[in-house]
Amino acid sequence: MEMHSLAQELSGNAYPGRGIVIGTSEDGKYAVSAYFIMGRSSNSRNRVFVTDGEGIRTQAFDPSKLEDPSLIIYAPVRVLGADTIVTNGDQTDTIYDGIKSGLTFEQSLRSREFEPDAPNYTPRISGIMHVENGAFSFMMSILKSDEGCAERCTRCTFSYEGCKAGTGRFIHTYMGDGNPLPSYEGEPTLVDIRGGIDDFTALVWDKLNADNKVSLFVRYIDIATGACETRIVNKNK
């Protein structure tokens with residue numbers, strides 16, 4: 001698969017929507033995850049990321065301006081033992097509860113489908129990172145409408161037994177701006193991951209469209225020890 005520049009993937013798309021990057025740091029020491037949200041409506045833009053235990057959740061920046069919370073207020077990141085779950089919706093809880101009850105990542109998502117926001121039918125994108133005993137693996141998933149059909153859901157799961165240092169996979173909700181918004185196509189894009197956590201966070205935030213970006217989460221997990229560092233950036237302050 002052709003390697004893509006993450007910086008170019010971000011700067012070349014004014015509206016990728018919500019996106020997940022999972023991979024390995026340049027020095028090979030860290031499992032890396034990033035999750036960003038963007039917004040076109042005032043309701044979508046009225047959000048911030050806040051810490052919630054070992055994970056994060058979205059929160060209205062100005063509660064008085066919150067309109068419909070159903071698809072914008074959720075926990076994008078939760079941690080269960082050696083697993084870090086990252087998603088673009090409340091399916092984070094579905095995966096967490098499923099794995100806790102003995103289901104796999106893929107099995108847990110069988111009860112879910114794309115978002116009910118016709119005509120966009122926004123895909124549900126999800127990832128899970130497993131870091132344990134010096135080993136790192138991850139999975140990614142997309143649940144999307146079959147060519148804009150409200151009755152048919154296409155389910156794709158991708159499993160990776162780690163990855164080369166300085167590389168990762170990038171999946172997002174939309175191929176670009178439009179009406180309706182065009183859903184992501186293909187398997188997760190192979191991208192480069194450069195620098196330590198601060199440099200990587202700065203790169204992703206800088207390359208996201210200035211008008212549409214809302215919040216960014218980045219986490220580096222030490223593969224040898226499981227210790228982690230996290231950065232959160234919010235446009236609303």
# chains A, B, ... in the order shown; residues from 1 in each chain; ligands from 1
$ residues_around --residues "Tyr184 (chain A)" --least-positions-apart "4" --cutoff "6 Å" --atoms "only C-alpha atoms" --output "PyMOL selection string"
chain A and resi 173-175
$ write_last_selection --atoms "all heavy atoms" --output "short mmCIF file (atom, residue, chain, number, x, y, z; two decimals), in the first residue's frame"
data_model
loop_
_atom_site.label_atom_id
_atom_site.label_comp_id
_atom_site.auth_asym_id
_atom_site.auth_seq_id
_atom_site.Cartn_x
_atom_site.Cartn_y
_atom_site.Cartn_z
N THR A 173 -14.68 10.06 8.67
CA THR A 173 -16.08 9.85 8.29
C THR A 173 -16.42 10.27 6.87
O THR A 173 -17.23 9.63 6.21
CB THR A 173 -17.02 10.57 9.28
OG1 THR A 173 -16.62 11.94 9.41
CG2 THR A 173 -16.98 9.90 10.64
N TYR A 174 -15.81 11.36 6.39
CA TYR A 174 -16.21 11.90 5.09
C TYR A 174 -15.01 12.06 4.15
O TYR A 174 -13.91 12.40 4.58
CB TYR A 174 -16.88 13.27 5.25
CG TYR A 174 -17.97 13.31 6.29
CD1 TYR A 174 -17.91 14.21 7.35
CD2 TYR A 174 -19.06 12.44 6.22
CE1 TYR A 174 -18.91 14.26 8.31
CE2 TYR A 174 -20.06 12.48 7.18
CZ TYR A 174 -19.99 13.39 8.23
OH TYR A 174 -20.97 13.42 9.18
N MET A 175 -15.28 11.87 2.86
CA MET A 175 -14.24 12.06 1.86
C MET A 175 -14.01 13.55 1.57
O MET A 175 -13.02 13.93 0.96
CB MET A 175 -14.63 11.35 0.56
CG MET A 175 -14.73 9.84 0.68
SD MET A 175 -13.21 9.06 1.28
CE MET A 175 -12.13 9.27 -0.13
#
$ residues_around --residues "region 108-111 of chain A" --least-positions-apart "6" --cutoff "12 Å" --atoms "only C-alpha atoms" --output "count of residues only"
29
$ closest_residue --among "A:Phe158, A:Phe170, A:Trp205, A:Tyr220" --to "Val191 (chain A)" --atoms "only C-alpha atoms"
A:Phe170
$ residues_around --residues "region 163-165 of chain A" --least-positions-apart "5" --cutoff "7 Å" --atoms "only C-alpha atoms" --output "VMD selection string"
chain A and resid 23 to 28
$ atom_distance --atom1 "CA of Phe114 (chain A)" --atom2 "CA of Ser145 (chain A)"
6.3 Å
$ atom_distance --atom1 "CA of Glu161 (chain A)" --atom2 "CA of Val131 (chain A)"
11.1 Å
$ atom_distance --atom1 "CA of Pro16 (chain A)" --atom2 "CA of Leu80 (chain A)"
28.1 Å
$ closest_residue --among "A:Met129, A:Val218, A:Met38, A:Val32" --to "Thr230 (chain A)" --atoms "only C-alpha atoms"
A:Val218
$ select_by_dssp --residues "region 62-103 of chain A" --states "strand (DSSP E or B)" --output "list in words"
Val77, Arg78, Val79, Leu80, Asp83, Thr84, Ile85, Val86 and Thr87 of chain A
$ residues_around --residues "Ile72 (chain A)" --least-positions-apart "5" --cutoff "12 Å" --atoms "only C-alpha atoms" --output "ChimeraX atom specification"
/A:18,37-39,41-49,57-61,66-67,88-90,115,117,214
